[in-house]
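Report on one structure; see the data block that follows.
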Amino acid sequence: MELVHLLAVPVRPQNPPETASSTPVQARNGRCTTTTQIASHGAAKDKERPKRKADSEVKTSFSQRHKQAKTKDGDNRADTDHSGTDHSSTDHSSTDHSGTDHSVIDRLVTFSTLPPQVHRLIFTCIECIEDVFRLGLANRYFWSIGRERMHDYYMSFLGRWANENIVCVGEDVKPGDYPPGLFSAQELDVLRQKTSDIPYDWDYDWDNVAFANEPFTLDHFTFPSISTTEQDVCLSGESRALAGHFSDLDISEDPAFNCIRSEIQIEEETYFPQDQQWILRNLTTKQFVRSEAIALKPEFIHGPNISVLGFGEVVMSRICWSTSSFTSMNYTANISRGVWAGHRFDITTLARHQDETNMVGWSDVGDEVAREIAAIWESEYGANWRETICNHKYQKYT
């Protein structure tokens, strides 16, 4: 399951339509509000403010906004001037020709009146996700941007190994034995000259060296002194921890926070829709495997996650690499020289794959992989292997 989460490319959820086009305006009390909130204030207050532009107009450049502001401010002064002066017949000899645009100067630029592009940039630069939530609580418009940033944060925990070279290496691999194409010729030259220290205890004692300056092997990449261990993150647990952080503060009683609480607490299924078909892709060879080709039962398919036997088992069966052919399996083929060892993968929706590639140059190897998987499991559990492993493994998924 962990390997699937590392390879599956998340799908961004659609924003609610009622907040997707909200834009900020400046209220009389100086607080930033939204067009949705203003609509309920009545026609009298609407007349006191310039009408908002359409959503497509709001996303114009800052200079265009100034030009539009100049025109609208001029119109508004004509509409609200109670001096009785007819501006259409005013003597223009008294007009200020200094080049100063008083309409721009008079226009108060505040944080809430900045262009949406700037607001999004500000949200992007906020490193602490808790601060993103705090700013998003200001109003619905800012939460519509904060929600996007929240999804960016949660999605960053998923698909972290997508499009990365992956190999499952054995301890008995010899120096210079690498999967074809994993390293360039220049990188291989560096690795041949590299050495590593072998510790006394592989699990606990890495400080005491048993063998110094040993020729470097592929297995040495697994050493903590060389590589870091990928931490598996429970997304639902992470989101609940964030919600709990605010529950410990006074903000937990804020009506705005109560409105977004349910959005903060998410499940992984939020980014892995189960109503779409998912495929495993070998990006190196341009081959793919459909979920239905390997799932033991159709009801076992839950988006990219497949109960009992799924994409993770398929990848692991083909990326092993060791100099020794010994395995603790009855399978007679040399699984330790995996045909996909060192390749790049991802798990994505079939629809997204079709949009990206138009299926040109790609081959469906689902049947081939299914036969190979069947041979591996049959060598261990016999002809009724499907029923056997379902009885053994399915109970933990129910």
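Every chain in the structure tokens has a letter given in the order shown (A, B, ...), and although residue numbers restart at 1 in each chain, ligands are simply numbered from 1 in the order shown.
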Write out as CSV a residue-level contact list of segment 278-336 of chain A versus segment 357-360 of chain A with cut-off 12 Å: for each qualifying residue the closest pair of atoms and the distance in Å to one decimal, counting only C-alpha atoms, rows sorted by chain and residue number upward.
```
residue,atom,partner,partner_atom,distance
A:Arg281,CA,A:Thr357,CA,11.8
A:Leu283,CA,A:Thr357,CA,11.5
A:Lys286,CA,A:Val360,CA,9.6
A:Gln287,CA,A:Met359,CA,10.3
A:Phe288,CA,A:Met359,CA,10.3
```
Saved selection, atoms kept: all heavy atoms, as a tab-separated table (two decimals), in the first residue's frame:
```
chain	number	residue	atom	x	y	z
A	281	ARG	N	1.86	2.95	-14.85
A	281	ARG	CA	2.64	3.25	-16.05
A	281	ARG	C	4.13	3.04	-15.79
A	281	ARG	O	4.66	3.50	-14.77
A	281	ARG	CB	2.41	4.69	-16.51
A	281	ARG	CG	1.01	5.02	-16.92
A	281	ARG	CD	0.94	6.34	-17.69
A	281	ARG	NE	1.38	7.48	-16.91
A	281	ARG	CZ	1.33	8.74	-17.34
A	281	ARG	NH1	0.85	9.01	-18.56
A	281	ARG	NH2	1.73	9.75	-16.58
A	283	LEU	N	7.13	4.56	-17.15
A	283	LEU	CA	7.46	5.73	-17.96
A	283	LEU	C	8.73	5.53	-18.78
A	283	LEU	O	8.95	6.24	-19.75
A	283	LEU	CB	7.61	6.96	-17.05
A	283	LEU	CG	6.40	7.30	-16.19
A	283	LEU	CD1	6.72	8.43	-15.22
A	283	LEU	CD2	5.20	7.66	-17.05
A	286	LYS	N	7.32	2.96	-21.62
A	286	LYS	CA	6.02	3.34	-22.18
A	286	LYS	C	5.08	2.14	-22.26
A	286	LYS	O	4.50	1.83	-23.30
A	286	LYS	CB	6.18	4.01	-23.55
A	286	LYS	CG	6.84	5.38	-23.47
A	286	LYS	CD	6.78	6.11	-24.80
A	286	LYS	CE	7.33	7.54	-24.67
A	286	LYS	NZ	7.23	8.30	-25.94
A	287	GLN	N	4.94	1.49	-21.11
A	287	GLN	CA	4.01	0.38	-20.96
A	287	GLN	C	3.07	0.69	-19.80
A	287	GLN	O	3.43	1.42	-18.89
A	287	GLN	CB	4.76	-0.93	-20.67
A	287	GLN	CG	5.69	-1.37	-21.79
A	287	GLN	CD	6.56	-2.55	-21.38
A	287	GLN	OE1	7.11	-2.57	-20.28
A	287	GLN	NE2	6.67	-3.54	-22.25
A	288	PHE	N	1.86	0.15	-19.86
A	288	PHE	CA	0.92	0.38	-18.77
A	288	PHE	C	0.13	-0.88	-18.46
A	288	PHE	O	0.02	-1.80	-19.28
A	288	PHE	CB	-0.02	1.56	-19.08
A	288	PHE	CG	-0.98	1.31	-20.22
A	288	PHE	CD1	-2.23	0.76	-19.98
A	288	PHE	CD2	-0.64	1.66	-21.52
A	288	PHE	CE1	-3.13	0.54	-21.03
A	288	PHE	CE2	-1.53	1.45	-22.57
A	288	PHE	CZ	-2.77	0.90	-22.33
```
Next item on the list: Find the residues near segment 272-276 of chain A: any atom within 6 Å, counting only C-alpha atoms, skip ones fewer than 3 places away on the same chain, and give them as a ChimeraX atom specification.
Entry: /A:10,269,302-303
How would the residues just picked look written out with N, CA and C atoms as a PDB file, in the first residue's frame?
```
ATOM      1  N   PRO A  10      -1.880  12.277  -7.363  1.00  0.00           N
ATOM      2  CA  PRO A  10      -3.208  12.680  -6.883  1.00  0.00           C
ATOM      3  C   PRO A  10      -3.963  13.526  -7.893  1.00  0.00           C
ATOM      4  N   GLU A 269      -8.904   9.227  -0.160  1.00  0.00           N
ATOM      5  CA  GLU A 269      -9.818   9.051  -1.283  1.00  0.00           C
ATOM      6  C   GLU A 269     -10.188  10.383  -1.928  1.00  0.00           C
ATOM      7  N   HIS A 302     -10.282  -0.078  -5.680  1.00  0.00           N
ATOM      8  CA  HIS A 302     -10.693   1.163  -5.011  1.00  0.00           C
ATOM      9  C   HIS A 302      -9.771   2.285  -5.490  1.00  0.00           C
ATOM     10  N   GLY A 303     -10.028   2.775  -6.693  1.00  0.00           N
ATOM     11  CA  GLY A 303      -9.131   3.767  -7.275  1.00  0.00           C
ATOM     12  C   GLY A 303      -7.782   3.129  -7.562  1.00  0.00           C
TER      13      GLY A 303
END
```
Notebook entry, point to check: Using only C-alpha atoms, which residues sit within 12 Å of Thr348 of chain A once same-chain residues fewer than 5 positions away are excluded, as a ChimeraX atom specification?
Noted result: /A:4-11,158-159,162-163,271-274,276-283,288-291,303-305,311,353-356
Might you pull out every residue within 8 Å of Gly136 of chain A, with only C-alpha atoms counted and same-chain residues fewer than 5 positions away left off, and present them as a PDB file with all heavy atoms, in the first residue's frame?
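Below is the file part_11.pdb, written as the result:
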```
ATOM      1  N   TYR A 141     -13.536  34.617   0.258  1.00  0.00           N
ATOM      2  CA  TYR A 141     -12.629  34.789  -0.875  1.00  0.00           C
ATOM      3  C   TYR A 141     -11.232  34.273  -0.537  1.00  0.00           C
ATOM      4  O   TYR A 141     -10.635  33.512  -1.292  1.00  0.00           O
ATOM      5  CB  TYR A 141     -12.550  36.255  -1.279  1.00  0.00           C
ATOM      6  CG  TYR A 141     -11.365  36.574  -2.180  1.00  0.00           C
ATOM      7  CD1 TYR A 141     -11.354  36.178  -3.511  1.00  0.00           C
ATOM      8  CD2 TYR A 141     -10.257  37.253  -1.669  1.00  0.00           C
ATOM      9  CE1 TYR A 141     -10.268  36.446  -4.321  1.00  0.00           C
ATOM     10  CE2 TYR A 141      -9.170  37.529  -2.477  1.00  0.00           C
ATOM     11  CZ  TYR A 141      -9.178  37.126  -3.806  1.00  0.00           C
ATOM     12  OH  TYR A 141      -8.097  37.391  -4.611  1.00  0.00           O
ATOM     13  N   PHE A 142     -10.697  34.682   0.610  1.00  0.00           N
ATOM     14  CA  PHE A 142      -9.362  34.227   0.988  1.00  0.00           C
ATOM     15  C   PHE A 142      -9.349  32.727   1.260  1.00  0.00           C
ATOM     16  O   PHE A 142      -8.339  32.066   1.029  1.00  0.00           O
ATOM     17  CB  PHE A 142      -8.843  35.002   2.199  1.00  0.00           C
ATOM     18  CG  PHE A 142      -8.339  36.377   1.857  1.00  0.00           C
ATOM     19  CD1 PHE A 142      -8.751  37.485   2.578  1.00  0.00           C
ATOM     20  CD2 PHE A 142      -7.457  36.573   0.805  1.00  0.00           C
ATOM     21  CE1 PHE A 142      -8.302  38.756   2.256  1.00  0.00           C
ATOM     22  CE2 PHE A 142      -7.004  37.837   0.473  1.00  0.00           C
ATOM     23  CZ  PHE A 142      -7.423  38.934   1.198  1.00  0.00           C
ATOM     24  N   TRP A 143     -10.449  32.179   1.748  1.00  0.00           N
ATOM     25  CA  TRP A 143     -10.471  30.733   1.945  1.00  0.00           C
ATOM     26  C   TRP A 143     -10.481  29.996   0.605  1.00  0.00           C
ATOM     27  O   TRP A 143      -9.940  28.897   0.500  1.00  0.00           O
ATOM     28  CB  TRP A 143     -11.675  30.304   2.781  1.00  0.00           C
ATOM     29  CG  TRP A 143     -11.758  28.799   2.897  1.00  0.00           C
ATOM     30  CD1 TRP A 143     -12.771  27.996   2.498  1.00  0.00           C
ATOM     31  CD2 TRP A 143     -10.746  27.934   3.421  1.00  0.00           C
ATOM     32  NE1 TRP A 143     -12.475  26.681   2.734  1.00  0.00           N
ATOM     33  CE2 TRP A 143     -11.230  26.608   3.303  1.00  0.00           C
ATOM     34  CE3 TRP A 143      -9.481  28.141   3.965  1.00  0.00           C
ATOM     35  CZ2 TRP A 143     -10.487  25.500   3.721  1.00  0.00           C
ATOM     36  CZ3 TRP A 143      -8.734  27.036   4.377  1.00  0.00           C
ATOM     37  CH2 TRP A 143      -9.243  25.738   4.260  1.00  0.00           C
ATOM     38  N   SER A 144     -11.076  30.595  -0.434  1.00  0.00           N
ATOM     39  CA  SER A 144     -11.045  29.935  -1.751  1.00  0.00           C
ATOM     40  C   SER A 144      -9.600  29.778  -2.235  1.00  0.00           C
ATOM     41  O   SER A 144      -9.272  28.802  -2.914  1.00  0.00           O
ATOM     42  CB  SER A 144     -11.865  30.738  -2.765  1.00  0.00           C
ATOM     43  OG  SER A 144     -11.231  31.972  -3.091  1.00  0.00           O
ATOM     44  N   ILE A 145      -8.725  30.716  -1.876  1.00  0.00           N
ATOM     45  CA  ILE A 145      -7.303  30.595  -2.209  1.00  0.00           C
ATOM     46  C   ILE A 145      -6.604  29.692  -1.202  1.00  0.00           C
ATOM     47  O   ILE A 145      -5.768  28.856  -1.575  1.00  0.00           O
ATOM     48  CB  ILE A 145      -6.629  31.981  -2.242  1.00  0.00           C
ATOM     49  CG1 ILE A 145      -7.335  32.897  -3.244  1.00  0.00           C
ATOM     50  CG2 ILE A 145      -5.154  31.853  -2.596  1.00  0.00           C
ATOM     51  CD1 ILE A 145      -6.767  34.307  -3.300  1.00  0.00           C
ATOM     52  N   GLY A 146      -6.954  29.850   0.075  1.00  0.00           N
ATOM     53  CA  GLY A 146      -6.364  29.000   1.096  1.00  0.00           C
ATOM     54  C   GLY A 146      -6.667  27.535   0.871  1.00  0.00           C
ATOM     55  O   GLY A 146      -5.844  26.663   1.143  1.00  0.00           O
ATOM     56  N   ARG A 147      -7.870  27.247   0.353  1.00  0.00           N
ATOM     57  CA  ARG A 147      -8.232  25.866   0.053  1.00  0.00           C
ATOM     58  C   ARG A 147      -7.295  25.280  -1.001  1.00  0.00           C
ATOM     59  O   ARG A 147      -6.869  24.121  -0.898  1.00  0.00           O
ATOM     60  CB  ARG A 147      -9.678  25.801  -0.434  1.00  0.00           C
ATOM     61  CG  ARG A 147     -10.147  24.387  -0.746  1.00  0.00           C
ATOM     62  CD  ARG A 147     -11.463  24.366  -1.490  1.00  0.00           C
ATOM     63  NE  ARG A 147     -12.562  24.846  -0.674  1.00  0.00           N
ATOM     64  CZ  ARG A 147     -13.188  25.996  -0.883  1.00  0.00           C
ATOM     65  NH1 ARG A 147     -12.809  26.796  -1.885  1.00  0.00           N
ATOM     66  NH2 ARG A 147     -14.190  26.360  -0.135  1.00  0.00           N
TER      67      ARG A 147
END
```
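Distances here use only C-alpha atoms; by that measure, the residue among A:Ile389, A:Leu249, A:Ile266, A:Ile122 closest to Leu309 of chain A is A:Ile389.
Contact shell of segment 164-173 of chain A at 6 Å (only C-alpha atoms; same-chain neighbours under 6 positions omitted): Asp219, Ile319, Cys320, Trp321, Ser322, Thr323, Ala341, Gly342, His343 and Arg344 of chain A.
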Could you write out that same residue set with N, CA and C atoms as a PDB file, in the first residue's frame?
```
ATOM      1  N   ASP A 219      23.741  -1.819  -3.145  1.00  0.00           N
ATOM      2  CA  ASP A 219      23.131  -1.989  -1.835  1.00  0.00           C
ATOM      3  C   ASP A 219      23.560  -0.902  -0.857  1.00  0.00           C
ATOM      4  N   ILE A 319      11.103  -5.246 -10.145  1.00  0.00           N
ATOM      5  CA  ILE A 319      12.187  -4.277  -9.947  1.00  0.00           C
ATOM      6  C   ILE A 319      13.295  -4.803  -9.034  1.00  0.00           C
ATOM      7  N   CYS A 320      13.267  -6.096  -8.694  1.00  0.00           N
ATOM      8  CA  CYS A 320      14.311  -6.655  -7.835  1.00  0.00           C
ATOM      9  C   CYS A 320      15.634  -6.751  -8.601  1.00  0.00           C
ATOM     10  N   TRP A 321      16.738  -6.553  -7.870  1.00  0.00           N
ATOM     11  CA  TRP A 321      18.055  -6.617  -8.516  1.00  0.00           C
ATOM     12  C   TRP A 321      19.105  -7.136  -7.533  1.00  0.00           C
ATOM     13  N   SER A 322      19.744  -8.243  -7.906  1.00  0.00           N
ATOM     14  CA  SER A 322      20.814  -8.818  -7.109  1.00  0.00           C
ATOM     15  C   SER A 322      21.695  -9.666  -8.002  1.00  0.00           C
ATOM     16  N   THR A 323      22.967  -9.787  -7.603  1.00  0.00           N
ATOM     17  CA  THR A 323      23.880 -10.652  -8.353  1.00  0.00           C
ATOM     18  C   THR A 323      23.525 -12.114  -8.127  1.00  0.00           C
ATOM     19  N   ALA A 341      13.762  -3.161 -13.305  1.00  0.00           N
ATOM     20  CA  ALA A 341      14.642  -2.625 -12.261  1.00  0.00           C
ATOM     21  C   ALA A 341      15.278  -1.312 -12.723  1.00  0.00           C
ATOM     22  N   GLY A 342      15.163  -0.290 -11.892  1.00  0.00           N
ATOM     23  CA  GLY A 342      15.736   1.012 -12.216  1.00  0.00           C
ATOM     24  C   GLY A 342      14.882   1.876 -13.111  1.00  0.00           C
ATOM     25  N   HIS A 343      13.676   1.439 -13.434  1.00  0.00           N
ATOM     26  CA  HIS A 343      12.802   2.213 -14.318  1.00  0.00           C
ATOM     27  C   HIS A 343      12.016   3.252 -13.526  1.00  0.00           C
ATOM     28  N   ARG A 344      11.306   4.120 -14.253  1.00  0.00           N
ATOM     29  CA  ARG A 344      10.495   5.181 -13.670  1.00  0.00           C
ATOM     30  C   ARG A 344       9.014   4.834 -13.837  1.00  0.00           C
TER      31      ARG A 344
END
```
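Remark: for Ala138 of chain A, the closest of the candidate residues A:Pro255, A:Leu114, A:Ala212, A:Leu182 is A:Pro255 (distances computed over only C-alpha atoms).
Per DSSP on the backbone, strand (DSSP E) in segment 284-398 of chain A comprises Gln287, Phe288, Val289, Arg290, Ile301, His302, Asn305, Ile306, Cys320, Trp321, His343, Arg344, Phe345, Asp346, Ile347, Thr348, Thr349, Ser363 and Asp364 of chain A.
A straight line drawn from atom CA of Cys259 of chain A to atom CA of Phe157 of chain A is 24.8 Å long.
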Next item on the list: Give me the residues within 7 Å of segment 233-247 of chain A as number ranges by chain, counting only C-alpha atoms and dropping any in the same chain fewer than 6 places off.
Entry: A: 157, 261, 264-268
Expected file contents, prior selection, N, CA, C and O atoms, as a PDB file, in the first residue's frame:
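Below you can see result.pdb, which holds the result:
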```
ATOM      1  N   PHE A 157       2.252  15.031  -0.061  1.00  0.00           N
ATOM      2  CA  PHE A 157       2.586  13.778   0.604  1.00  0.00           C
ATOM      3  C   PHE A 157       2.369  12.568  -0.298  1.00  0.00           C
ATOM      4  O   PHE A 157       2.751  11.452   0.072  1.00  0.00           O
ATOM      5  N   ARG A 261     -13.938  23.429   8.956  1.00  0.00           N
ATOM      6  CA  ARG A 261     -13.379  22.292   9.696  1.00  0.00           C
ATOM      7  C   ARG A 261     -13.487  20.990   8.897  1.00  0.00           C
ATOM      8  O   ARG A 261     -12.539  20.202   8.815  1.00  0.00           O
ATOM      9  N   ILE A 264     -10.898  20.754   6.167  1.00  0.00           N
ATOM     10  CA  ILE A 264      -9.532  20.498   6.622  1.00  0.00           C
ATOM     11  C   ILE A 264      -9.311  19.009   6.858  1.00  0.00           C
ATOM     12  O   ILE A 264      -8.252  18.460   6.545  1.00  0.00           O
ATOM     13  N   GLN A 265     -10.319  18.335   7.402  1.00  0.00           N
ATOM     14  CA  GLN A 265     -10.201  16.912   7.688  1.00  0.00           C
ATOM     15  C   GLN A 265     -10.566  16.116   6.439  1.00  0.00           C
ATOM     16  O   GLN A 265     -11.721  16.061   6.046  1.00  0.00           O
ATOM     17  N   ILE A 266      -9.553  15.524   5.835  1.00  0.00           N
ATOM     18  CA  ILE A 266      -9.771  14.837   4.555  1.00  0.00           C
ATOM     19  C   ILE A 266      -9.294  13.383   4.647  1.00  0.00           C
ATOM     20  O   ILE A 266      -8.608  12.984   5.587  1.00  0.00           O
ATOM     21  N   GLU A 267      -9.668  12.620   3.667  1.00  0.00           N
ATOM     22  CA  GLU A 267      -9.205  11.242   3.502  1.00  0.00           C
ATOM     23  C   GLU A 267      -8.432  11.150   2.200  1.00  0.00           C
ATOM     24  O   GLU A 267      -8.564  12.006   1.313  1.00  0.00           O
ATOM     25  N   GLU A 268      -7.613  10.111   2.075  1.00  0.00           N
ATOM     26  CA  GLU A 268      -6.819   9.955   0.855  1.00  0.00           C
ATOM     27  C   GLU A 268      -7.704   9.777  -0.371  1.00  0.00           C
ATOM     28  O   GLU A 268      -7.317  10.122  -1.486  1.00  0.00           O
TER      29      GLU A 268
END
```
Margin query: According to DSSP computed on the backbone, where in segment 256-310 of chain A is there alpha helix (DSSP H)? Give the residues as a PyMOL selection string.
Written below: chain A and resi 256-264+291-294
